[in-house]
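Q: Mind looking over this structure? Questions follow.
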Amino acid sequence: MEASNPDQLVRRIREQYLADSPDLVRTSLHGHSNVVQMNFASTYFPLEFIQNADDEGASAVRFQVRQIGGDWCLEILNNGRKFTDSALEGQDRDTDDVKDDVTGLCAAGVSPKHPRDHIGFIGVGFKSIFEISQCVEVHSGQFHFSFDRERAEKHGDEIPWRVVPWECNATKETEVPTEIDGTEYTTRFVVRLDERGQELLSKDELFEPLHSENIDRRVFLFLKDVRELSIEDHYSDNSRHISRTDNVHDDGLASSVERARQQFPSSKQETIRDEADAEFDPIEVVELEESLADGTKEADTWVLFKHLWKVPDSIQEDPKTEQYMRGGVDYREVFIACIVDDDGGFARPESGTLHTGVFSYLPLKELETDFDFLVHADFLTPADRQTIKQELPWNREIAQGVVECAKDVLDVVAGHDDWWTDLGVFVPEGQGDTFVTTEIVNRIHEYVESSSLVRDQAGQRIKLDDCQVVDEHIREAFDADQVEEAGANRPIHEEHEEIYQTIEGRKSLGIHQFLQNYDVTTTLEGVDGVERMNTFERVFEGISSKASFRQSNILSTTAVPLEDGRVVGTDDVEQVYLPPTGIDLDEFETARPLQEARSSLNIVDSDLAEKEEIRSVLDGNDVEELTEGALIEEWLHTVDWGSLSTNDRYLVAAILCRASSDGEWEVGEDPPTLRLQTEDGSWLSPSQLLLGEAYDPAVADDTDAPSQDLQAAPWFTTNTVIENRGIFAEAGADALRTGPRYVSEAYLETFDELDVDDWRPFLRKLGVDSMLDEKHTIGALGELFVKLQLEAKQDVDVRQAKIGRDLDVGSINDPDGQIVEVKSTKESKQNFDLNTTQTQLLEAESERYRVYRVTEVLSTDPIVRYADAETARSTGTFKLEFSSSDWQRDSITMAFVLV
């Protein structure tokens with residue numbers, strides 16, 4: 001089909017549809033046009049017109065809403081190549097400058113563009129405009145024609161009016177070329193808004209398809225030629241102006257990019273570029289600026305990393321590739337782009353209006369991803385260009401081209417002195433579209449996991465498997481080497497924690513787990529000076545943030561710093577003390593208890609204990625302050641008592657009494673070893689002493705000892721009688737010979753704040769006035785009285801006997817020695833019982849068997865009487881009922897004993 005002029009070409013195209021095409025063809029085309037139009041949203045067409053302008057080499061695109069001939073219209077202008085058509089006579093059909101623009105625009109499913117040079121999709125993009133208009137004029141070069149539903153339907157309802165052209169005249173308002181704001185536009189589309197189009201107009205806002213959510217400035221990142229977009233809406237009196245510049249204005253960023261170019265791309269990519277004889281900058285810096293009607297401006301700076309993907313032979317030969325007009329394509333460019341912050345580093349952009357991170361020249365708006373960067377590749381899409389045709393081999397292979405580009409980007413960013421902290425921007429989480437996750441994200445994750453890209457806390461590159469996320473308390477208290485020395489993986493750098501969490505998905509190591517499960521004690525003991533102070537402050541800051549049970553568990557194993565440099569757990573030692581405050585032991589004359597005992601105590605480092613948080617944590621976990629009482633008790637374990645002056649001995653008892661009275665110290669089951677002074681100046685253990693009248697011994701205290709109402713025998717204690725196997729303990733005998741010993745009254749004058757009500761319970765807790773139960777006391781004293789009398793009177797050895805009697809007189813197993821049974825009572829009782837064994841022994845040993853009766857044992861003058869076997873036998877078996885005359889009173893009284 002040839003034509004001598006543009007109008008004739010338009011008529012001949014129209015005649016082919018109206019006259020030459022069978023009804024079935026026209027009806028099919030009409031239906032096809034309807035289906036195509038249904039694939040586009042009413043707000044999508046601006047992107048198609050921008051793309052078409054870029055295909056034609058336009059540097060500027062303009063959208064303007066204004067009235068033309070009384071109708072509200074949208075005009076779309078660009079300064080690209082003018083329309084041509086090889087069907088027009090006089091055209092040089094062999095030159096690349098001549099294309100079938102009119103014929104292609106009037107066709108359905110046909111495009112004059114070659115895929116190596118253009119990005120249009122088989123001629124359907126233009127049809128998206130019919131979502132808002134039923135009359136569109138085209139003015140470009142010599143051509144002036146329109147697609148007009150009203151005119152077409154005069155020839156029938158089934159006329160495919162979207163592809164049937166009509167001649168129209170250019171008016172002064174629609175002529176081309178036309179100059180606006182210094183730009184000469186060569187192509188103009190006049191879109192007369194139909195009812196649906198007019199519904200998108202607003203008095204307050206831009207024409208809806210021209211909003212930022214429909215035309216985002218990021219669109220300009222991947223266009224070849226378009227650098228400016230102007231929008232003027234006279235209906236709402238709003239405007240937008242977007243421009244792209246490729247110059248780097250920031251010297252710091254320019255330096256960073258230059259250093260990156262030395263490592264990007266990889267040698268493999270260099271080989272591909274050499275094969276393709278391709279020359280382009282592998283890293284570009286693009287600035288996008290937008291101005292609004294109110295005078296505000298917004299600007300973004302982007303870094304674009306560019307790869308060249310080589311199309312495999314198998315993909316070129318695939319029928320689907322040919323169907324999508326990619327059969328002759330050998331190479332395709334692949335981009336990864338990221339926004340730059342004010343410091344020249346990479347940033348996570350705000351949620352874009354396109355809601356996507358994947359472009360195929362234009363944004364694939366239905367392809368949701370969580371990318372913090374943008375991906376561009378020549379993905380094959382459906383007609384509406386909203387998503388990816390996932391089943392096509394071309395798309396799966398070019399996705400691997402994206403992955404290869406991403407690998408190179410990760411490598412260069414990871415090794416960059418300025419950019420390495422932003423590595424996480426290029427590691428997506430993997431939420432969103434299944435195809436993108438499977439073909440791109442998962443493979444990026446595999447590469448990150450297998451490569452030494454991330455850095456540890458010390459800034460060294462390391463594999464993910466060799467590091468871990470730690471909480472801020474570990475990070476602030478320990479360096480990477482210390483964590484590793486303790487047996488844990490090195491801490492990943494804080495800037496790369498998100499990468500670890502994204503790929504590994506493990507929880508971070510908490511300070512409580514680190515302290516309990518790893519050998520941190522050695523590390524803590526290895527720090528000193530200012531570092532020691534800082535380390536423990538951070539450690540205890542972390543401990544304090546945990547629940548009380550976790551605090552207790554941690555401190556039971558480690559983290560308690562002692563003043564000698566050791567670090568212990570409370571379970572490792574008997575007792576840990578906070579350093580004493582306010583202890584004044586200067587009154588001591590011959591000793592320095594604090595200094596002498598300190599080396600044997602586990603005392604927290606005093607400098608660290610001054611830190612409120614450390615002291616609070618320890619105090620809340622049963623680490624008590626070292627008190628005077630606890631100090632003196634510990635000191636008594638090692639002190640040489642004999643080396644102390646009388647004043648110092650008094651001080652020891654007084655300090656313990658005060659601590660006990662104040663509730664700061666308790667006398668335990670094993671009281672401290674100390675001596676108390678008696679009224680006669682002797683120094684004895686508390687168990688050998690009684691309370692004198694000055695201590696009000698009859699007053700009952702909250703102790704285990706009963707009040708003291710008898711004075712002759714209470715100096716016999718559990719220690720001297722029971723634990724030493726009976727009445728033969730030396731202390732007991734000495735006590736009887738010397739009489740009762742009483743605590744000196746001088747203690748009452750030691751500290752003014754202590755009175756008798758403080759001293760009495762304290763002394764009783766130490767063992768003073770501790771009485772046996774009455775039965776054992778009476779029996780033990782009776783045996784002792786008989787033993788002492790026999791030894792004094794007969795000058796013999798008296799020993800405790802075995803079953804059947806109490807005492808043996810003379811040598812052991814001496815056949816001539818007396819055997820003695822002692823019956824004792826605190827009363828004047830005359831009658832006693834003998835058990836079967838005792839009676840049998842009396843019968844068998846009648847020659848040497850004697851029964852002693854001791855009455856009024858607890859008095860100051862006990863009475864000792866005896867009867868021989870013959871007398872006992874005459875009174876009857878088992879029951880001794882003697883009158884006073886039956887018993888012989890020993891001629892020696894106890895007076896000599898009690899002196």
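Labels for the structure tokens follow display order: chains A, B, ..., residues from 1 in each chain, ligands from 1.
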Give me the residues near Glu624 of chain A as a list in words, where near means some atom within 6 Å (using only C-alpha atoms) and where sequence neighbours in that chain fewer than 4 positions away do not count.

A: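 Listed by chain and then number, they are Tyr577, Leu578 and Asp619 of chain A.
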
Q: Please produce an output containing N, CA and C atoms for each residue in the selection, written as a PDB file, in the first residue's frame.

A:
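See again.pdb below for the written result:
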ATOM      1  N   TYR A 577      31.039 -10.731  99.751  1.00  0.00           N
ATOM      2  CA  TYR A 577      30.616  -9.530 100.465  1.00  0.00           C
ATOM      3  C   TYR A 577      30.805  -8.296  99.602  1.00  0.00           C
ATOM      4  N   LEU A 578      29.884  -7.372  99.732  1.00  0.00           N
ATOM      5  CA  LEU A 578      30.129  -6.023  99.241  1.00  0.00           C
ATOM      6  C   LEU A 578      31.104  -5.356 100.193  1.00  0.00           C
ATOM      7  N   ASP A 619      23.403  -6.410  95.517  1.00  0.00           N
ATOM      8  CA  ASP A 619      22.619  -6.324  96.744  1.00  0.00           C
ATOM      9  C   ASP A 619      21.278  -7.033  96.586  1.00  0.00           C
TER      10      ASP A 619
END

Q: So, counting only C-alpha atoms, which residue among A:Glu749, A:Glu525, A:Glu537, A:Glu791 is closest to Val567 of chain A?

A: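 Nearest candidate to Val567 of chain A out of A:Glu749, A:Glu525, A:Glu537, A:Glu791: A:Glu525.
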
Q: Based on the backbone DSSP call, show me all residues of segment 483-703 of chain A assigned helix (DSSP H, G or I), as an MDAnalysis selection string.

A: chainID A and resid 483:485 494:503 511:517 520:525 529:544 548:557 593:598 606:609 612:619 628:636 641:643 646:661 686:688 693:695

Q: Rank nothing, just name the residue among A:Arg81, A:Lys765, A:Arg675, A:Arg506 nearest to Pro177 of chain A, using only C-alpha atoms.

A: A:Arg81

Q: Need to verify the contact set: segment 145-159 of chain A, 8 Å, only C-alpha atoms, exclusion of same-chain residues closer than 4 positions in sequence. Can you return it as a PDB file with C-alpha atoms, in the first residue's frame?

A:
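See selection.pdb below for the written result:
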ATOM      1  CA  ASP A   7      -3.914  12.235   4.215  1.00  0.00           C
ATOM      2  CA  VAL A  10      -4.745   7.694   6.335  1.00  0.00           C
ATOM      3  CA  TYR A  17     -10.938  -1.512   7.478  1.00  0.00           C
ATOM      4  CA  LEU A  18     -14.276  -0.138   6.278  1.00  0.00           C
ATOM      5  CA  ARG A  26     -13.895  -6.023  11.442  1.00  0.00           C
ATOM      6  CA  THR A  27     -15.949  -7.622  14.188  1.00  0.00           C
ATOM      7  CA  HIS A  30     -13.333  -4.658  17.310  1.00  0.00           C
ATOM      8  CA  GLN A 134     -13.036   8.134  22.552  1.00  0.00           C
ATOM      9  CA  CYS A 135     -11.282  10.673  20.357  1.00  0.00           C
ATOM     10  CA  VAL A 136      -7.500  10.996  20.149  1.00  0.00           C
ATOM     11  CA  GLU A 137      -5.665  13.214  17.658  1.00  0.00           C
ATOM     12  CA  VAL A 138      -2.117  12.575  16.486  1.00  0.00           C
ATOM     13  CA  HIS A 139       0.015  15.439  15.146  1.00  0.00           C
ATOM     14  CA  VAL A 163      -7.385   1.387  14.867  1.00  0.00           C
ATOM     15  CA  VAL A 164      -9.375   3.227  12.175  1.00  0.00           C
ATOM     16  CA  PRO A 165      -7.710   6.592  11.423  1.00  0.00           C
ATOM     17  CA  TRP A 166      -9.440   9.791  10.221  1.00  0.00           C
ATOM     18  CA  GLU A 167      -7.807  12.821   8.666  1.00  0.00           C
ATOM     19  CA  CYS A 168      -7.912  15.950  10.797  1.00  0.00           C
ATOM     20  CA  ASN A 169      -6.504  19.411  10.416  1.00  0.00           C
TER      21      ASN A 169
END

Q: Excluding segment 215-225 of chain A and any residue of its chain fewer than 2 positions from it, enumerate the residues within 6 Å of it, using only C-alpha atoms, and give them as a list in words.

A: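 The residues that qualify are Asp54, Gly57, Ser59, Ser212, Glu213 and Tyr361 of chain A.
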
Q: Please provide the set of residues having any atom within 12 Å of Glu574 of chain A, restricted to only C-alpha atoms, with same-chain residues fewer than 5 positions apart removed, written as a short mmCIF file (atom, residue, chain, number, x, y, z; two decimals) with C-alpha atoms, in the first residue's frame.

A:
data_model
loop_
_atom_site.label_atom_id
_atom_site.label_comp_id
_atom_site.auth_asym_id
_atom_site.auth_seq_id
_atom_site.Cartn_x
_atom_site.Cartn_y
_atom_site.Cartn_z
CA SER A 556 25.77 -17.95 90.62
CA VAL A 568 33.67 -15.69 90.77
CA GLY A 569 30.11 -16.94 90.92
CA SER A 600 40.68 -14.47 103.38
CA LEU A 601 37.34 -12.91 102.42
CA ASN A 602 35.66 -12.66 99.01
CA ILE A 603 35.03 -8.93 98.80
CA VAL A 623 25.50 -10.32 98.16
CA GLU A 634 35.99 -14.35 109.97
#

Q: Which of these residues is nearest to Arg332 of chain A, using only C-alpha atoms: A:Leu292, A:Val286, A:Ala399, A:Leu453?

A: A:Ala399

Q: Let me make sure I understand: among A:Glu589, A:Glu333, A:Glu484, A:Asp605, which one has the smallest atom-to-atom distance to Val520 of chain A if we use only C-alpha atoms?

A: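 Result for the nearest residue to Val520 of chain A: A:Glu484.
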
Q: For a test of reading the model, state the distance in Å between atom CA of Gly69 of chain A and atom CA of Thr171 of chain A, rounded to one decimal.

A: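 These two atoms are separated by 10.3 Å.
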
Q: Residues within 12 Å of Asp411 of chain A, please, as an MDAnalysis selection string. Count only C-alpha atoms; anything in the same chain fewer than 2 positions from it doesn't count.

A: chainID A and resid 260:266 404:409 413:416 419:420 423 426 444 447:448 451:454 461

Q: According to DSSP computed on the backbone, where in segment 541-690 of chain A is there strand (DSSP E)? Give the residues as a list in words.

A: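 Selection result, strand (DSSP E) within segment 541-690 of chain A: Val560, Pro561, Val567, Val568, Val576, Tyr577, Leu578, Asn602, Ile603, Glu624, Glu625, Leu676, Gln677, Trp683 and Leu684 of chain A.
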
Q: Mind dumping the selected residues with C-alpha atoms as a CSV table (one decimal), in the first residue's frame?

A:
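The file below, again18.csv, is the result:
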chain,number,residue,atom,x,y,z
A,560,VAL,CA,31.2,-11.1,90.5
A,561,PRO,CA,34.4,-9.0,90.5
A,567,VAL,CA,35.9,-13.2,89.1
A,568,VAL,CA,33.7,-15.7,90.8
A,576,VAL,CA,30.7,-12.9,98.8
A,577,TYR,CA,30.6,-9.5,100.5
A,578,LEU,CA,30.1,-6.0,99.2
A,602,ASN,CA,35.7,-12.7,99.0
A,603,ILE,CA,35.0,-8.9,98.8
A,624,GLU,CA,25.5,-8.5,101.5
A,625,GLU,CA,27.7,-5.7,102.7
A,676,LEU,CA,35.2,-14.4,127.6
A,677,GLN,CA,36.7,-13.0,130.8
A,683,TRP,CA,39.5,-16.3,130.0
A,684,LEU,CA,37.3,-19.2,129.3

Q: Taking 3 positions as the minimum chain separation for residues in the same chain, which residues sit within 12 Å of Gly810 of chain A when counting only C-alpha atoms? Answer as a list in words.

A: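 Using only C-alpha atoms, the neighbours found are Lys787, Leu790, Glu791, Gln794, Asp795, Val796, Asp797, Val798, Arg799, Gln800, Ala801, Leu807, Asn813, Asp814, Pro815, Asp816, Gly817, Gln818, Ile819, Val820 and Arg848 of chain A.
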
Q: For the selection just defined, write its residues with C-alpha atoms to a file, as a PDB file, in the first residue's frame.

A:
ATOM      1  CA  LYS A 787      34.252 -40.351 141.208  1.00  0.00           C
ATOM      2  CA  LEU A 790      36.629 -41.997 145.657  1.00  0.00           C
ATOM      3  CA  GLU A 791      39.723 -40.560 143.968  1.00  0.00           C
ATOM      4  CA  GLN A 794      41.200 -43.835 148.300  1.00  0.00           C
ATOM      5  CA  ASP A 795      43.749 -42.431 145.822  1.00  0.00           C
ATOM      6  CA  VAL A 796      42.518 -44.776 143.117  1.00  0.00           C
ATOM      7  CA  ASP A 797      41.693 -44.472 139.436  1.00  0.00           C
ATOM      8  CA  VAL A 798      37.966 -44.366 138.730  1.00  0.00           C
ATOM      9  CA  ARG A 799      36.752 -44.998 135.212  1.00  0.00           C
ATOM     10  CA  GLN A 800      33.417 -45.013 133.496  1.00  0.00           C
ATOM     11  CA  ALA A 801      32.142 -48.596 133.363  1.00  0.00           C
ATOM     12  CA  LEU A 807      32.026 -46.936 137.634  1.00  0.00           C
ATOM     13  CA  ASN A 813      39.763 -55.733 134.648  1.00  0.00           C
ATOM     14  CA  ASP A 814      41.162 -55.681 138.206  1.00  0.00           C
ATOM     15  CA  PRO A 815      39.336 -58.628 139.906  1.00  0.00           C
ATOM     16  CA  ASP A 816      39.663 -56.971 143.304  1.00  0.00           C
ATOM     17  CA  GLY A 817      38.433 -53.526 142.288  1.00  0.00           C
ATOM     18  CA  GLN A 818      35.084 -52.212 143.298  1.00  0.00           C
ATOM     19  CA  ILE A 819      32.233 -51.917 140.858  1.00  0.00           C
ATOM     20  CA  VAL A 820      29.867 -49.066 141.488  1.00  0.00           C
ATOM     21  CA  ARG A 848      32.876 -55.886 145.490  1.00  0.00           C
TER      22      ARG A 848
END
